[in-house]
Amino acid sequence: MLSNEIVLRPRFEMQLEQPCSQLVAKFSEVKITQNKFIVSCVDDHIFIKLPNKEQHFWSPQLHLELSETSKTKCLLQGFFGPNPTVWTMFIFLHVGVGILFMVNATWLYSNYNLGNSINLQIGIAVGLVLAWILLYFAGAMGKKKGKPDMQELYNFMLETIS
């Protein structure tokens, strides 16, 4: 079951009493018989997401990875994540703010050692910290907005594997 805690990329694991090939077959069949979710099967990886018309900027997707532990048992590992484009953008912005902060800190240190004014560098540092806080709260808001969709994806997965 999913906890109420909002984590960056929630993960879960299940030991199932059926072979991986049977699970892949179930998801391949449900891919054709239903239209509430988009299901993609690639080898032992299954991706489940909302249809394009229901997706919003923060829509999550569920990635399942199947590993055979014996001929009749399968380990299902799943994790929720944002759309890869959104994830890449957020990582890019976080790294960008971090790099700019380090460049600004070097500039500040140099000016300080030279006895020059550092007011501009301190203002930039404060602005970058505020930008990072804004990114954090935007991500937290997005995760909260995607929580009901995560629960729908999880319940759909449970219905399919049972």
# chains A, B, ... in the order shown; residues from 1 in each chain; ligands from 1
call {"tool": "select_by_dssp", "arguments": {"residues": "range 21-115 of chain A", "states": "helix (DSSP H, G or I)", "output": "ChimeraX atom specification"}}
result
/A:21-33,52-54,84-114
call {"tool": "write_last_selection", "arguments": {"atoms": "N, CA and C atoms", "output": "CSV table (one decimal), in the first residue's frame"}}
result
chain,number,residue,atom,x,y,z
A,21,SER,N,6.3,-14.2,-17.0
A,21,SER,CA,5.6,-14.3,-18.3
A,21,SER,C,4.1,-14.2,-18.2
A,22,GLN,N,3.6,-14.8,-17.1
A,22,GLN,CA,2.1,-14.7,-16.9
A,22,GLN,C,1.7,-13.2,-16.6
A,23,LEU,N,2.5,-12.5,-15.8
A,23,LEU,CA,2.2,-11.1,-15.5
A,23,LEU,C,2.3,-10.3,-16.8
A,24,VAL,N,3.3,-10.5,-17.6
A,24,VAL,CA,3.5,-9.7,-18.8
A,24,VAL,C,2.3,-10.0,-19.7
A,25,ALA,N,1.8,-11.2,-19.8
A,25,ALA,CA,0.7,-11.6,-20.6
A,25,ALA,C,-0.6,-10.9,-20.1
A,26,LYS,N,-0.8,-10.8,-18.8
A,26,LYS,CA,-1.9,-10.1,-18.2
A,26,LYS,C,-1.9,-8.6,-18.6
A,27,PHE,N,-0.8,-8.0,-18.5
A,27,PHE,CA,-0.7,-6.6,-18.8
A,27,PHE,C,-0.8,-6.3,-20.3
A,28,SER,N,-0.3,-7.3,-21.1
A,28,SER,CA,-0.5,-7.2,-22.6
A,28,SER,C,-2.0,-7.3,-23.0
A,29,GLU,N,-2.7,-8.2,-22.3
A,29,GLU,CA,-4.1,-8.4,-22.5
A,29,GLU,C,-4.9,-7.2,-22.1
A,30,VAL,N,-4.6,-6.7,-20.9
A,30,VAL,CA,-5.4,-5.5,-20.4
A,30,VAL,C,-5.1,-4.3,-21.2
A,31,LYS,N,-4.0,-4.2,-21.8
A,31,LYS,CA,-3.6,-3.1,-22.7
A,31,LYS,C,-4.6,-3.0,-23.9
A,32,ILE,N,-5.1,-4.1,-24.3
A,32,ILE,CA,-6.1,-4.1,-25.4
A,32,ILE,C,-7.5,-4.0,-25.0
A,33,THR,N,-7.8,-4.6,-23.8
A,33,THR,CA,-9.2,-4.6,-23.4
A,33,THR,C,-9.7,-3.4,-22.6
A,52,ASN,N,-3.4,10.7,-22.8
A,52,ASN,CA,-3.0,12.1,-23.0
A,52,ASN,C,-4.0,13.1,-22.7
A,53,LYS,N,-5.3,12.9,-22.9
A,53,LYS,CA,-6.4,13.9,-22.7
A,53,LYS,C,-6.6,14.1,-21.2
A,54,GLU,N,-6.2,13.2,-20.3
A,54,GLU,CA,-6.4,13.3,-18.9
A,54,GLU,C,-5.1,13.7,-18.2
A,84,PRO,N,9.0,11.9,-17.9
A,84,PRO,CA,10.4,12.1,-18.1
A,84,PRO,C,10.8,13.5,-18.5
A,85,THR,N,10.0,14.2,-19.3
A,85,THR,CA,10.3,15.6,-19.7
A,85,THR,C,10.3,16.5,-18.5
A,86,VAL,N,9.3,16.4,-17.7
A,86,VAL,CA,9.1,17.2,-16.5
A,86,VAL,C,10.3,16.9,-15.6
A,87,TRP,N,10.6,15.7,-15.4
A,87,TRP,CA,11.7,15.3,-14.5
A,87,TRP,C,13.1,15.9,-15.0
A,88,THR,N,13.3,15.8,-16.3
A,88,THR,CA,14.5,16.3,-16.9
A,88,THR,C,14.6,17.9,-16.7
A,89,MET,N,13.5,18.5,-16.9
A,89,MET,CA,13.4,20.0,-16.7
A,89,MET,C,13.7,20.4,-15.2
A,90,PHE,N,13.1,19.7,-14.3
A,90,PHE,CA,13.3,20.0,-12.9
A,90,PHE,C,14.8,19.7,-12.5
A,91,ILE,N,15.4,18.6,-12.9
A,91,ILE,CA,16.8,18.4,-12.6
A,91,ILE,C,17.7,19.4,-13.3
A,92,PHE,N,17.4,19.8,-14.5
A,92,PHE,CA,18.1,20.9,-15.2
A,92,PHE,C,18.1,22.2,-14.4
A,93,LEU,N,16.9,22.5,-14.0
A,93,LEU,CA,16.7,23.8,-13.2
A,93,LEU,C,17.5,23.8,-11.9
A,94,HIS,N,17.4,22.6,-11.2
A,94,HIS,CA,18.1,22.5,-9.9
A,94,HIS,C,19.6,22.6,-10.1
A,95,VAL,N,20.1,21.9,-11.1
A,95,VAL,CA,21.6,21.9,-11.4
A,95,VAL,C,22.0,23.3,-11.8
A,96,GLY,N,21.2,23.9,-12.6
A,96,GLY,CA,21.5,25.3,-13.1
A,96,GLY,C,21.6,26.3,-11.9
A,97,VAL,N,20.6,26.2,-11.0
A,97,VAL,CA,20.7,27.1,-9.8
A,97,VAL,C,21.9,26.7,-9.0
A,98,GLY,N,22.2,25.5,-8.8
A,98,GLY,CA,23.4,25.1,-8.0
A,98,GLY,C,24.7,25.6,-8.7
A,99,ILE,N,24.8,25.4,-10.0
A,99,ILE,CA,26.0,25.9,-10.7
A,99,ILE,C,26.2,27.4,-10.6
A,100,LEU,N,25.1,28.1,-10.8
A,100,LEU,CA,25.1,29.6,-10.7
A,100,LEU,C,25.5,30.0,-9.2
A,101,PHE,N,25.0,29.3,-8.3
A,101,PHE,CA,25.3,29.6,-6.9
A,101,PHE,C,26.8,29.4,-6.6
A,102,MET,N,27.4,28.3,-7.1
A,102,MET,CA,28.8,28.1,-7.0
A,102,MET,C,29.7,29.2,-7.7
A,103,VAL,N,29.3,29.5,-8.9
A,103,VAL,CA,30.0,30.6,-9.7
A,103,VAL,C,29.9,31.9,-8.9
A,104,ASN,N,28.7,32.2,-8.4
A,104,ASN,CA,28.5,33.4,-7.6
A,104,ASN,C,29.4,33.4,-6.3
A,105,ALA,N,29.4,32.3,-5.7
A,105,ALA,CA,30.2,32.2,-4.4
A,105,ALA,C,31.7,32.4,-4.8
A,106,THR,N,32.2,31.9,-5.9
A,106,THR,CA,33.6,32.1,-6.3
A,106,THR,C,33.8,33.6,-6.6
A,107,TRP,N,32.9,34.2,-7.3
A,107,TRP,CA,33.0,35.7,-7.6
A,107,TRP,C,32.9,36.5,-6.3
A,108,LEU,N,32.1,36.1,-5.3
A,108,LEU,CA,32.0,36.8,-4.1
A,108,LEU,C,33.3,36.7,-3.3
A,109,TYR,N,33.8,35.5,-3.2
A,109,TYR,CA,35.1,35.2,-2.5
A,109,TYR,C,36.2,36.1,-3.1
A,110,SER,N,36.3,36.1,-4.5
A,110,SER,CA,37.3,36.9,-5.1
A,110,SER,C,37.2,38.4,-4.8
A,111,ASN,N,36.0,38.9,-4.9
A,111,ASN,CA,35.8,40.3,-4.6
A,111,ASN,C,36.1,40.6,-3.2
A,112,TYR,N,35.7,39.7,-2.3
A,112,TYR,CA,36.0,39.9,-0.8
A,112,TYR,C,37.5,40.0,-0.6
A,113,ASN,N,38.2,39.1,-1.2
A,113,ASN,CA,39.7,39.0,-1.0
A,113,ASN,C,40.4,40.3,-1.6
A,114,LEU,N,39.8,40.8,-2.7
A,114,LEU,CA,40.4,42.0,-3.3
A,114,LEU,C,39.9,43.3,-2.6
call {"tool": "residues_around", "arguments": {"residues": "Gly142 in chain A", "least_positions_apart": "2", "cutoff": "10 Å", "atoms": "only C-alpha atoms", "output": "list in words"}}
result
His56, Phe57, Trp58, Ser59, Pro60, Pro82, Tyr136, Phe137, Ala138, Gly139, Ala140, Lys144, Lys145, Gly146 and Lys147 of chain A
call {"tool": "atom_distance", "arguments": {"atom1": "CA of Ser70 in chain A", "atom2": "CA of Met157 in chain A"}}
result
21.7 Å
call {"tool": "closest_residue", "arguments": {"among": "A:Leu128, A:Leu64, A:Leu75, A:Leu135", "to": "Glu17 in chain A", "atoms": "only C-alpha atoms"}}
result
A:Leu75
call {"tool": "select_by_dssp", "arguments": {"residues": "range 16-157 of chain A", "states": "strand (DSSP E or B)", "output": "VMD selection string"}}
result
chain A and resid 16 38 to 42 45 to 49 60 to 70 73 to 82
call {"tool": "residues_around", "arguments": {"residues": "Leu16 in chain A", "least_positions_apart": "3", "cutoff": "10 Å", "atoms": "only C-alpha atoms", "output": "JSON, numbers by chain"}}
result
{"A": [13, 19, 20, 23, 66, 68, 69, 72, 73, 74, 75, 76, 161, 162]}
call {"tool": "atom_distance", "arguments": {"atom1": "CA of Lys143 in chain A", "atom2": "CA of Thr160 in chain A"}}
result
24.7 Å
call {"tool": "closest_residue", "arguments": {"among": "A:Leu153, A:Arg11, A:Ile133, A:Glu65", "to": "Asp44 in chain A", "atoms": "only C-alpha atoms"}}
result
A:Glu65
call {"tool": "closest_residue", "arguments": {"among": "A:Lys71, A:His63, A:Lys36, A:His45", "to": "Gln18 in chain A", "atoms": "only C-alpha atoms"}}
result
A:Lys71
